[in-house]
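Down below is the structure, laid out as structure tokens.
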There are 2 protein chains.
Amino acid sequence: MPPTQKELAKLAGVSSGTVSNVISGSTSVSERSRQKVLDAIRVLNYQPNLIARSLKTNRTNTLGIVVPDITIPFFPKIIKGAESAARERGYFLIVLDSESSHLREADMIALLRAQRVEGILLVAAGGEVLSPERMASLTSSSPVVCLDRLPADLDVDSVCVDDCGAAEMAISHLMGMGHREIAIITGPLTLYNEQERLRGYRQALQKGGIPFQKSLVWGGSFEQDQVARMCQNGLLRPAGRPSALFATNGVTGLAALRSLYAVGLSTPRDFSFVTFDELTAEDFFKPGISSVIQPTFDMGYRAVEVLLRRLDKETAEAPRESVRLPATLIVRDSSSTPYSESSKSESANGKVRGLRA
Amino acid sequence: MPPTQKELAKLAGVSSGTVSNVISGSTSVSERSRQKVLDAIRVLNYQPNLIARSLKTNRTNTLGIVVPDITIPFFPKIIKGAESAARERGYFLIVLDSESSHLREADMIALLRAQRVEGILLVAAGGEVLSPERMASLTSSSPVVCLDRLPADLDVDSVCVDDCGAAEMAISHLMGMGHREIAIITGPLTLYNEQERLRGYRQALQKGGIPFQKSLVWGGSFEQDQVARMCQNGLLRPAGRPSALFATNGVTGLAALRSLYAVGLSTPRDFSFVTFDELTAEDFFKPGISSVIQPTFDMGYRAVEVLLRRLDKETAEAPRESVRLPATLIVRDSSSTPYSESSKSESANGKVRGLRA
DNA sequence: ACCGAATCATGAGACGTCTCAAATCGCAAC
DNA sequence: GTTGCGATTTGAGACGTCTCATGATTCGGT
């Protein structure tokens, strides 16, 4: 139904080769022929068939990105950056959602490969260790760049924030406000970046001369229920409970806050709180949550740059690239001095005891 | 580099036609041949080349969706629903962002058409009336289904909420709390759904016997600055100012709240507030914002169903479909009785006067 | 006017898949 | 051992584009 180059050729009175040359702008074509062809294009409202072109050239000008859950605000921002970079270079971006399932993630990647995308951006579904087969499938054929959540031990290009440094910054901030018992709520520690954030936590404690307590490391999953249980157990106990919480990502951070609000605890009254990632339009809801902000747009943008560099024959064989971007700490209401130093008896502990009964 | 059917045929010792038949499962193939081919597929790790298949069959099994801004939480939810429905039917979904620009939107649609997507879901960029050319381009060749923001006078299938009814519900709720001066902050009225929401507003007023005042219709754009100006002017004036605000969408709603918080007004103390769309994780931030919740996932899902029905030869010629889904009103902190009936002097008016000085 | 060298135009062939008319096979009936 | 017929298999051709070897044209120089 749509017009083809052959029809253009007939209308313009030139050969199909000439039409092709005009369209791809490659070989020299006389001005006269060019105009005839351009006229024909206008008359027939011709659109090149990218499918046919791809078949011939073996290039699709398409990249794919797979994220665990597109409805988590963090990911669309990455996607936007990636799409921006992609389009600037003339590439399409296919967006797929793995629903945080490794199975579906593998399917999505297979689909993208079948569609002959030239490269893939991957924010891995968390939670499991990679099987050797999956690892192999990731690194074979079209190149992959991992973002944010790096599967441990996977030898591919990657872009993420300086997780360790960002976590250290957050913890230092809390220590600076006088906190000495700081719990950390992590996601799955199979993810390299979660390990790194935990490392930053320990590093900050060490620099501050505070002993590390294993009992203050909570979480280890994105499961809302598990996070809720650990937070409630951890903060409702009568003694030795932390005065501050640090969540290593927005998902567990939100789950933690929800679960604690549900039992009547609130920040900063009962505990100080800092989380990775922007939870919401935090600048006008109360309380504002102190957050470690990642340069999401940049991450997506840079990841595409890395990927395209890998696609370019000239630079395809370069050593693995691991881009680390700096994060920013935004201090809002939720991080304050410890309750133990201010309004201990009337609000916090009293409340807690009442709830435990 | 990847294996082709021809190579499979050679390895399996059959013809290329037989291989094709095995793969597409079409014509009858003997069990013996089938096994030989399946073995070869396994040995060579064959993946069909979807590009070549598309060229031959003239089908891409791909849909496209263009949204104004993927970082607005409303859209990823729609996308998720659409992707879900698409994948269930074996379709891909290409996600594109028009950055709320008609120009880019047209580009995106052209790109999708060049990629030979079979159909397009469109959440139109707001703000301008459609030129006849653009209108024509929208309705030509591959079918389009509009979601949420319907360009006025465009004759295509559409899926959105019952905008009029939802707005009426929200306003009735406010009137039920005793409000009689209710301002409405709309987006661009070139969008059909914005018109509808305004209509619902008027309808509710009428049923409640409250005269419509043109001076209480603010906004008319998604521009943050313009919204801010109108809200501040409207609420800071000494007399005749409304006791409640209704925002017809999340973008202007957020802008309105921000601008009012910025001048020291807060809800529900100084004004009651209801907005279309979920602004954030509103159930635990204070104040919770009363919201009209749209069935976003369903909208995307249903839109794909409508689109695929249009693609199916059997039902392609059916009359235009306009799906209207019901919305839900979630009442939270921000809608309450008017300040004039409760704590008038101490908080609201006093504050306002102070600020105007 | 003619030659050689650019420059420009041509059209067949290939990309990997599907389709389909024609050829071949297997087997039962005679 | 033929014949006949349905079940399988075959392989050429087409989808729309690009490539490239070849052929045609132009043009400056003499």
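Going through the structure tokens in order, the chains are called A, B, and so on, while each chain numbers its residues from 1 and the ligands are numbered from 1 in the order shown.
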With only C-alpha atoms (C1' of nucleotides) considered, list every residue of chain B at most 10 Å from chain D, as a ChimeraX atom specification.
/B:14-18,27-30,33,52-58
Expected answer as a short mmCIF file (atom, residue, chain, number, x, y, z; two decimals) with C-alpha atoms (C1' of nucleotides), in the first residue's frame: chain C residues within 7 Å of chain A, only C-alpha atoms (C1' of nucleotides):
```cif
data_model
loop_
_atom_site.label_atom_id
_atom_site.label_comp_id
_atom_site.auth_asym_id
_atom_site.auth_seq_id
_atom_site.Cartn_x
_atom_site.Cartn_y
_atom_site.Cartn_z
"C1'" DC C 8 26.28 10.02 -12.97
"C1'" DA C 9 22.81 6.35 -13.91
"C1'" DT C 10 21.54 1.63 -14.25
"C1'" DC C 15 19.40 -9.66 2.86
#
```
With distances taken over only C-alpha atoms, which residue among A:Ile182, A:Ala40, A:Ala255, A:Leu216 lies nearest chain B?
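Closest candidate: A:Ala255.
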Out of A:Thr252, A:Gln47, A:Ser215, A:Ser20, which residue has the shortest atom-to-atom distance to chain B when counting only C-alpha atoms?
A:Gln47
Figure out the distance between atom CA of A:Leu63 and atom CA of A:Glu118, please, to one decimal in Å.
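Taking atom CA of A:Glu118 as the start and atom CA of A:Leu63 as the end point, the length is 5.7 Å.
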For A:Ile70, find every residue with an atom within 12 Å (counting only C-alpha atoms (C1' of nucleotides)), except residues of its own chain fewer than 4 positions away, and show them as an mmCIF file with all heavy atoms, in the first residue's frame.
```cif
data_model
loop_
_atom_site.group_PDB
_atom_site.id
_atom_site.type_symbol
_atom_site.label_atom_id
_atom_site.label_comp_id
_atom_site.auth_asym_id
_atom_site.auth_seq_id
_atom_site.Cartn_x
_atom_site.Cartn_y
_atom_site.Cartn_z
ATOM 1 N N ILE A 65 15.636 -1.032 26.376
ATOM 2 C CA ILE A 65 15.912 -0.877 27.806
ATOM 3 C C ILE A 65 14.901 -1.699 28.579
ATOM 4 O O ILE A 65 13.708 -1.691 28.263
ATOM 5 C CB ILE A 65 15.890 0.600 28.254
ATOM 6 C CG1 ILE A 65 16.241 0.709 29.743
ATOM 7 C CG2 ILE A 65 14.548 1.247 27.979
ATOM 8 C CD1 ILE A 65 16.512 2.131 30.201
ATOM 9 N N VAL A 66 15.393 -2.443 29.542
ATOM 10 C CA VAL A 66 14.525 -3.277 30.378
ATOM 11 C C VAL A 66 14.656 -2.794 31.806
ATOM 12 O O VAL A 66 15.753 -2.732 32.346
ATOM 13 C CB VAL A 66 14.931 -4.760 30.293
ATOM 14 C CG1 VAL A 66 13.993 -5.612 31.148
ATOM 15 C CG2 VAL A 66 14.917 -5.241 28.858
ATOM 16 N N PHE A 74 11.709 6.394 39.721
ATOM 17 C CA PHE A 74 13.140 6.405 39.427
ATOM 18 C C PHE A 74 13.420 5.977 37.982
ATOM 19 O O PHE A 74 14.256 6.568 37.298
ATOM 20 C CB PHE A 74 13.821 5.444 40.410
ATOM 21 C CG PHE A 74 15.302 5.343 40.268
ATOM 22 C CD1 PHE A 74 16.121 6.425 40.543
ATOM 23 C CD2 PHE A 74 15.889 4.145 39.869
ATOM 24 C CE1 PHE A 74 17.494 6.321 40.438
ATOM 25 C CE2 PHE A 74 17.256 4.033 39.762
ATOM 26 C CZ PHE A 74 18.067 5.119 40.048
ATOM 27 N N PHE A 75 12.716 4.985 37.494
ATOM 28 C CA PHE A 75 13.044 4.421 36.194
ATOM 29 C C PHE A 75 12.632 5.286 35.006
ATOM 30 O O PHE A 75 13.405 5.435 34.056
ATOM 31 C CB PHE A 75 12.490 3.003 36.085
ATOM 32 C CG PHE A 75 13.098 2.079 37.102
ATOM 33 C CD1 PHE A 75 12.325 1.437 38.044
ATOM 34 C CD2 PHE A 75 14.473 1.898 37.141
ATOM 35 C CE1 PHE A 75 12.902 0.608 39.005
ATOM 36 C CE2 PHE A 75 15.064 1.072 38.090
ATOM 37 C CZ PHE A 75 14.279 0.420 39.025
ATOM 38 N N PRO A 76 11.442 5.871 35.033
ATOM 39 C CA PRO A 76 11.108 6.747 33.907
ATOM 40 C C PRO A 76 12.125 7.865 33.714
ATOM 41 O O PRO A 76 12.390 8.293 32.592
ATOM 42 C CB PRO A 76 9.745 7.318 34.309
ATOM 43 C CG PRO A 76 9.148 6.282 35.172
ATOM 44 C CD PRO A 76 10.303 5.681 35.937
ATOM 45 N N LYS A 77 12.705 8.328 34.803
ATOM 46 C CA LYS A 77 13.696 9.392 34.656
ATOM 47 C C LYS A 77 14.934 8.875 33.932
ATOM 48 O O LYS A 77 15.513 9.570 33.095
ATOM 49 C CB LYS A 77 14.081 9.938 36.031
ATOM 50 C CG LYS A 77 12.930 10.659 36.726
ATOM 51 C CD LYS A 77 13.354 11.143 38.102
ATOM 52 C CE LYS A 77 12.148 11.524 38.957
ATOM 53 N NZ LYS A 77 12.465 11.457 40.389
ATOM 54 N N ILE A 78 15.320 7.674 34.252
ATOM 55 C CA ILE A 78 16.438 7.061 33.544
ATOM 56 C C ILE A 78 16.081 6.883 32.072
ATOM 57 O O ILE A 78 16.862 7.196 31.169
ATOM 58 C CB ILE A 78 16.787 5.698 34.165
ATOM 59 C CG1 ILE A 78 17.459 5.898 35.520
ATOM 60 C CG2 ILE A 78 17.690 4.895 33.233
ATOM 61 C CD1 ILE A 78 17.873 4.606 36.193
ATOM 62 N N ILE A 79 14.863 6.401 31.859
ATOM 63 C CA ILE A 79 14.413 6.157 30.487
ATOM 64 C C ILE A 79 14.443 7.446 29.689
ATOM 65 O O ILE A 79 14.866 7.474 28.531
ATOM 66 C CB ILE A 79 12.990 5.558 30.496
ATOM 67 C CG1 ILE A 79 13.019 4.150 31.099
ATOM 68 C CG2 ILE A 79 12.401 5.538 29.105
ATOM 69 C CD1 ILE A 79 11.645 3.573 31.370
ATOM 70 N N LYS A 80 14.006 8.515 30.327
ATOM 71 C CA LYS A 80 13.977 9.795 29.617
ATOM 72 C C LYS A 80 15.381 10.202 29.173
ATOM 73 O O LYS A 80 15.584 10.654 28.046
ATOM 74 C CB LYS A 80 13.372 10.870 30.512
ATOM 75 C CG LYS A 80 13.079 12.160 29.759
ATOM 76 C CD LYS A 80 11.732 12.703 30.147
ATOM 77 C CE LYS A 80 11.345 13.885 29.284
ATOM 78 N NZ LYS A 80 9.951 14.275 29.496
ATOM 79 N N VAL A 95 11.155 0.285 25.183
ATOM 80 C CA VAL A 95 11.098 0.195 26.637
ATOM 81 C C VAL A 95 10.323 -1.043 27.056
ATOM 82 O O VAL A 95 9.203 -1.258 26.587
ATOM 83 C CB VAL A 95 10.401 1.438 27.230
ATOM 84 C CG1 VAL A 95 10.320 1.322 28.746
ATOM 85 C CG2 VAL A 95 11.131 2.691 26.811
ATOM 86 N N LEU A 96 10.906 -1.849 27.895
ATOM 87 C CA LEU A 96 10.244 -3.056 28.364
ATOM 88 C C LEU A 96 10.310 -3.141 29.879
ATOM 89 O O LEU A 96 11.232 -2.638 30.507
ATOM 90 C CB LEU A 96 10.908 -4.287 27.752
ATOM 91 C CG LEU A 96 10.195 -4.979 26.592
ATOM 92 C CD1 LEU A 96 9.360 -4.036 25.770
ATOM 93 C CD2 LEU A 96 11.209 -5.677 25.707
ATOM 94 N N ASP A 97 9.329 -3.805 30.452
ATOM 95 C CA ASP A 97 9.197 -3.896 31.899
ATOM 96 C C ASP A 97 9.303 -5.366 32.292
ATOM 97 O O ASP A 97 8.550 -6.198 31.810
ATOM 98 C CB ASP A 97 7.819 -3.326 32.288
ATOM 99 C CG ASP A 97 7.627 -3.226 33.775
ATOM 100 O OD1 ASP A 97 8.048 -4.143 34.494
ATOM 101 O OD2 ASP A 97 7.061 -2.216 34.214
ATOM 102 N N SER A 98 10.255 -5.674 33.144
ATOM 103 C CA SER A 98 10.452 -7.084 33.506
ATOM 104 C C SER A 98 9.591 -7.490 34.699
ATOM 105 O O SER A 98 9.636 -8.639 35.119
ATOM 106 C CB SER A 98 11.913 -7.344 33.822
ATOM 107 O OG SER A 98 12.294 -6.624 34.980
ATOM 108 N N GLU A 99 8.852 -6.552 35.252
ATOM 109 C CA GLU A 99 8.048 -6.836 36.441
ATOM 110 C C GLU A 99 8.876 -7.500 37.526
ATOM 111 O O GLU A 99 8.411 -8.394 38.231
ATOM 112 C CB GLU A 99 6.823 -7.668 36.076
ATOM 113 C CG GLU A 99 5.834 -6.856 35.239
ATOM 114 C CD GLU A 99 4.639 -7.672 34.764
ATOM 115 O OE1 GLU A 99 4.522 -8.829 35.184
ATOM 116 O OE2 GLU A 99 3.850 -7.136 33.960
ATOM 117 N N SER A 100 10.105 -7.072 37.623
ATOM 118 C CA SER A 100 11.016 -7.557 38.661
ATOM 119 C C SER A 100 11.174 -9.071 38.652
ATOM 120 O O SER A 100 11.508 -9.653 39.676
ATOM 121 C CB SER A 100 10.552 -7.109 40.052
ATOM 122 O OG SER A 100 10.628 -5.706 40.145
ATOM 123 N N VAL A 123 18.383 -2.576 33.662
ATOM 124 C CA VAL A 123 18.341 -2.413 35.105
ATOM 125 C C VAL A 123 17.821 -3.743 35.629
ATOM 126 O O VAL A 123 16.640 -4.063 35.468
ATOM 127 C CB VAL A 123 17.404 -1.272 35.536
ATOM 128 C CG1 VAL A 123 17.473 -1.092 37.047
ATOM 129 C CG2 VAL A 123 17.787 0.021 34.834
ATOM 130 N N ALA A 125 16.487 -7.061 37.372
ATOM 131 C CA ALA A 125 15.549 -7.437 38.422
ATOM 132 C C ALA A 125 16.390 -7.920 39.596
ATOM 133 O O ALA A 125 17.330 -8.680 39.418
ATOM 134 C CB ALA A 125 14.621 -8.533 37.928
ATOM 135 N N ILE B 70 7.135 11.142 30.142
ATOM 136 C CA ILE B 70 7.132 9.844 30.810
ATOM 137 C C ILE B 70 7.473 9.972 32.288
ATOM 138 O O ILE B 70 7.223 9.050 33.063
ATOM 139 C CB ILE B 70 8.104 8.879 30.103
ATOM 140 C CG1 ILE B 70 7.843 7.439 30.544
ATOM 141 C CG2 ILE B 70 9.531 9.280 30.369
ATOM 142 C CD1 ILE B 70 8.770 6.455 29.929
ATOM 143 N N THR B 71 8.012 11.106 32.699
ATOM 144 C CA THR B 71 8.358 11.239 34.115
ATOM 145 C C THR B 71 7.180 11.692 34.975
ATOM 146 O O THR B 71 7.299 11.770 36.187
ATOM 147 C CB THR B 71 9.527 12.222 34.316
ATOM 148 O OG1 THR B 71 9.114 13.519 33.918
ATOM 149 C CG2 THR B 71 10.737 11.794 33.515
ATOM 150 N N ILE B 72 6.073 12.018 34.344
ATOM 151 C CA ILE B 72 4.861 12.276 35.116
ATOM 152 C C ILE B 72 4.243 10.929 35.464
ATOM 153 O O ILE B 72 3.924 10.150 34.572
ATOM 154 C CB ILE B 72 3.867 13.135 34.309
ATOM 155 C CG1 ILE B 72 4.468 14.519 34.062
ATOM 156 C CG2 ILE B 72 2.539 13.234 35.034
ATOM 157 C CD1 ILE B 72 3.605 15.412 33.179
ATOM 158 N N PRO B 73 4.087 10.658 36.762
ATOM 159 C CA PRO B 73 3.742 9.290 37.188
ATOM 160 C C PRO B 73 2.492 8.719 36.542
ATOM 161 O O PRO B 73 2.356 7.517 36.407
ATOM 162 C CB PRO B 73 3.537 9.441 38.698
ATOM 163 C CG PRO B 73 4.284 10.659 39.085
ATOM 164 C CD PRO B 73 4.234 11.570 37.887
ATOM 165 N N PHE B 74 1.601 9.588 36.137
ATOM 166 C CA PHE B 74 0.368 9.144 35.502
ATOM 167 C C PHE B 74 0.632 8.305 34.253
ATOM 168 O O PHE B 74 -0.024 7.296 34.010
ATOM 169 C CB PHE B 74 -0.442 10.393 35.139
ATOM 170 C CG PHE B 74 -1.766 10.135 34.501
ATOM 171 C CD1 PHE B 74 -2.789 9.523 35.207
ATOM 172 C CD2 PHE B 74 -1.990 10.529 33.190
ATOM 173 C CE1 PHE B 74 -4.022 9.306 34.621
ATOM 174 C CE2 PHE B 74 -3.223 10.318 32.599
ATOM 175 C CZ PHE B 74 -4.243 9.699 33.313
ATOM 176 N N PHE B 75 1.592 8.686 33.470
ATOM 177 C CA PHE B 75 1.800 8.032 32.182
ATOM 178 C C PHE B 75 2.442 6.649 32.268
ATOM 179 O O PHE B 75 2.000 5.737 31.566
ATOM 180 C CB PHE B 75 2.574 8.959 31.252
ATOM 181 C CG PHE B 75 1.822 10.227 30.962
ATOM 182 C CD1 PHE B 75 2.355 11.460 31.277
ATOM 183 C CD2 PHE B 75 0.558 10.179 30.404
ATOM 184 C CE1 PHE B 75 1.636 12.634 31.039
ATOM 185 C CE2 PHE B 75 -0.170 11.341 30.161
ATOM 186 C CZ PHE B 75 0.377 12.570 30.480
ATOM 187 N N PRO B 76 3.458 6.483 33.102
ATOM 188 C CA PRO B 76 3.996 5.123 33.199
ATOM 189 C C PRO B 76 2.940 4.098 33.585
ATOM 190 O O PRO B 76 2.997 2.952 33.144
ATOM 191 C CB PRO B 76 5.052 5.247 34.293
ATOM 192 C CG PRO B 76 5.482 6.653 34.248
ATOM 193 C CD PRO B 76 4.259 7.444 33.854
ATOM 194 N N LYS B 77 1.964 4.519 34.366
ATOM 195 C CA LYS B 77 0.929 3.555 34.753
ATOM 196 C C LYS B 77 0.101 3.161 33.546
ATOM 197 O O LYS B 77 -0.273 2.010 33.384
ATOM 198 C CB LYS B 77 0.039 4.159 35.840
ATOM 199 C CG LYS B 77 0.782 4.383 37.154
ATOM 200 C CD LYS B 77 -0.140 5.028 38.190
ATOM 201 C CE LYS B 77 0.644 5.608 39.359
ATOM 202 N NZ LYS B 77 -0.124 6.655 40.040
ATOM 203 N N ILE B 78 -0.196 4.135 32.721
ATOM 204 C CA ILE B 78 -0.909 3.820 31.479
ATOM 205 C C ILE B 78 -0.062 2.912 30.601
ATOM 206 O O ILE B 78 -0.533 1.923 30.048
ATOM 207 C CB ILE B 78 -1.230 5.124 30.712
ATOM 208 C CG1 ILE B 78 -2.325 5.896 31.440
ATOM 209 C CG2 ILE B 78 -1.654 4.809 29.285
ATOM 210 C CD1 ILE B 78 -2.725 7.173 30.745
ATOM 211 N N ILE B 79 1.213 3.264 30.514
ATOM 212 C CA ILE B 79 2.119 2.473 29.679
ATOM 213 C C ILE B 79 2.153 1.026 30.160
ATOM 214 O O ILE B 79 2.124 0.088 29.366
ATOM 215 C CB ILE B 79 3.534 3.070 29.718
ATOM 216 C CG1 ILE B 79 3.529 4.432 29.020
ATOM 217 C CG2 ILE B 79 4.545 2.137 29.071
ATOM 218 C CD1 ILE B 79 4.817 5.216 29.200
ATOM 219 N N LYS B 80 2.193 0.864 31.467
ATOM 220 C CA LYS B 80 2.251 -0.489 32.013
ATOM 221 C C LYS B 80 1.018 -1.297 31.605
ATOM 222 O O LYS B 80 1.130 -2.454 31.211
ATOM 223 C CB LYS B 80 2.359 -0.432 33.532
ATOM 224 C CG LYS B 80 2.672 -1.770 34.144
ATOM 225 C CD LYS B 80 3.721 -1.642 35.217
ATOM 226 C CE LYS B 80 4.163 -2.997 35.714
ATOM 227 N NZ LYS B 80 5.362 -2.901 36.553
ATOM 228 N N GLY B 81 -0.129 -0.664 31.695
ATOM 229 C CA GLY B 81 -1.343 -1.351 31.284
ATOM 230 C C GLY B 81 -1.307 -1.689 29.801
ATOM 231 O O GLY B 81 -1.675 -2.799 29.389
ATOM 232 N N ALA B 82 -0.839 -0.761 29.023
ATOM 233 C CA ALA B 82 -0.789 -0.966 27.579
ATOM 234 C C ALA B 82 0.198 -2.073 27.233
ATOM 235 O O ALA B 82 -0.092 -2.951 26.424
ATOM 236 C CB ALA B 82 -0.396 0.334 26.879
ATOM 237 N N GLU B 83 1.344 -2.034 27.886
ATOM 238 C CA GLU B 83 2.347 -3.048 27.588
ATOM 239 C C GLU B 83 1.838 -4.417 27.979
ATOM 240 O O GLU B 83 2.066 -5.406 27.278
ATOM 241 C CB GLU B 83 3.636 -2.718 28.353
ATOM 242 C CG GLU B 83 4.887 -3.141 27.616
ATOM 243 C CD GLU B 83 5.784 -3.975 28.483
ATOM 244 O OE1 GLU B 83 5.370 -4.329 29.603
ATOM 245 O OE2 GLU B 83 6.886 -4.274 28.031
ATOM 246 N N SER B 84 1.142 -4.463 29.063
ATOM 247 C CA SER B 84 0.584 -5.719 29.533
ATOM 248 C C SER B 84 -0.363 -6.315 28.484
ATOM 249 O O SER B 84 -0.206 -7.461 28.077
ATOM 250 C CB SER B 84 -0.182 -5.443 30.831
ATOM 251 O OG SER B 84 -0.006 -6.467 31.743
ATOM 252 N N VAL B 95 7.786 2.839 23.286
ATOM 253 C CA VAL B 95 7.377 3.985 24.097
ATOM 254 C C VAL B 95 8.162 5.227 23.669
ATOM 255 O O VAL B 95 9.384 5.192 23.597
ATOM 256 C CB VAL B 95 7.640 3.722 25.585
ATOM 257 C CG1 VAL B 95 7.246 4.922 26.416
ATOM 258 C CG2 VAL B 95 6.898 2.479 26.040
ATOM 259 N N PHE B 297 -3.972 1.969 34.807
ATOM 260 C CA PHE B 297 -3.573 0.700 34.187
ATOM 261 C C PHE B 297 -4.644 0.246 33.202
ATOM 262 O O PHE B 297 -4.353 -0.078 32.051
ATOM 263 C CB PHE B 297 -3.347 -0.356 35.268
ATOM 264 C CG PHE B 297 -2.847 -1.665 34.756
ATOM 265 C CD1 PHE B 297 -1.487 -1.934 34.731
ATOM 266 C CD2 PHE B 297 -3.735 -2.635 34.297
ATOM 267 C CE1 PHE B 297 -1.021 -3.153 34.263
ATOM 268 C CE2 PHE B 297 -3.277 -3.851 33.818
ATOM 269 C CZ PHE B 297 -1.917 -4.109 33.801
#
```
Just asking: which residues within stretch 53-256 of chain B are helix (DSSP H, G or I) according to DSSP, as a PyMOL selection string?
chain B and resi 53-57+74-88+102-114+132-139+163-176+192-207+214-216+224-236+250-256
Would you mind telling me which residue in B:Gln5, B:Leu103, B:Gly90, B:Asp157 lies nearest to B:Glu317 when using only C-alpha atoms?
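Between B:Gln5, B:Leu103, B:Gly90, B:Asp157, the residue approaching B:Glu317 most closely is B:Asp157.
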Considering only C-alpha atoms (C1' of nucleotides), return as a ChimeraX atom specification whatever protein or nucleic-acid residues lie within 12 Å of A:Thr248, sequence-local ones (same chain, fewer than 4 positions apart) excluded.
/A:149,163-164,166-168,170-171,183-189,191,193-201,217-222,227,252-256,273-278,291-294
Straight-line distance linking atom CA of B:Val306 with atom CA of B:Pro143, stated in Å to one decimal:
10.2 Å
Residue among B:Gly25, B:Pro48, B:Gly209, B:Gly250 lying closest to chain A, counting only C-alpha atoms
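Nearest to chain A: B:Pro48.
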Excluding A:Arg113 and its own-chain neighbours fewer than 4 positions away, which residues fall within 10 Å of it when counting only C-alpha atoms (C1' of nucleotides)? Please give them as a ChimeraX atom specification.
/A:63-64,107-109,117-120,141-142 /B:47-50
Could you take the residues named above and write them with C-alpha atoms, as an mmCIF file, in the first residue's frame?
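This went into result_2.cif:
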```
data_model
loop_
_atom_site.group_PDB
_atom_site.id
_atom_site.type_symbol
_atom_site.label_atom_id
_atom_site.label_comp_id
_atom_site.auth_asym_id
_atom_site.auth_seq_id
_atom_site.Cartn_x
_atom_site.Cartn_y
_atom_site.Cartn_z
ATOM 1 C CA LEU A 63 18.207 0.079 21.390
ATOM 2 C CA GLY A 64 16.253 -1.607 24.124
ATOM 3 C CA ASP A 107 12.179 -13.185 27.905
ATOM 4 C CA MET A 108 12.323 -9.453 27.328
ATOM 5 C CA ILE A 109 15.971 -9.646 26.419
ATOM 6 C CA VAL A 117 18.126 -4.316 18.663
ATOM 7 C CA GLU A 118 21.728 -3.255 18.463
ATOM 8 C CA GLY A 119 22.253 -2.978 22.178
ATOM 9 C CA ILE A 120 20.472 -3.256 25.479
ATOM 10 C CA SER A 141 25.719 -11.129 20.851
ATOM 11 C CA SER A 142 24.456 -7.564 21.249
ATOM 12 C CA GLN B 47 16.402 -17.285 16.474
ATOM 13 C CA PRO B 48 14.042 -16.231 13.721
ATOM 14 C CA ASN B 49 14.882 -12.915 12.152
ATOM 15 C CA LEU B 50 11.815 -10.871 12.899
#
```
Strand (DSSP E or B) residues, from DSSP on the backbone, in stretch 12-120 of chain A, as a PyMOL selection string
chain A and resi 62-67+92-97+119-120
List the neighbours of B:Ser172 out to 12 Å using only C-alpha atoms (C1' of nucleotides); skip same-chain residues closer than 2 positions along the sequence, and give me the result as a ChimeraX atom specification.
/B:165-170,174-180,182,200-210,244,246,274,329,335
Which residue is closest to chain B? Choose from A:Val159, A:Leu325, A:Val144, A:Ala281 and count only C-alpha atoms.
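Looking at the shortest contact to chain B, the residue is A:Ala281.
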Could you tell me how far atom CA of B:Gly288 sits from atom CA of A:Val263, in Å to one decimal place?
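Distance reported for this atom pair: 17.5 Å.
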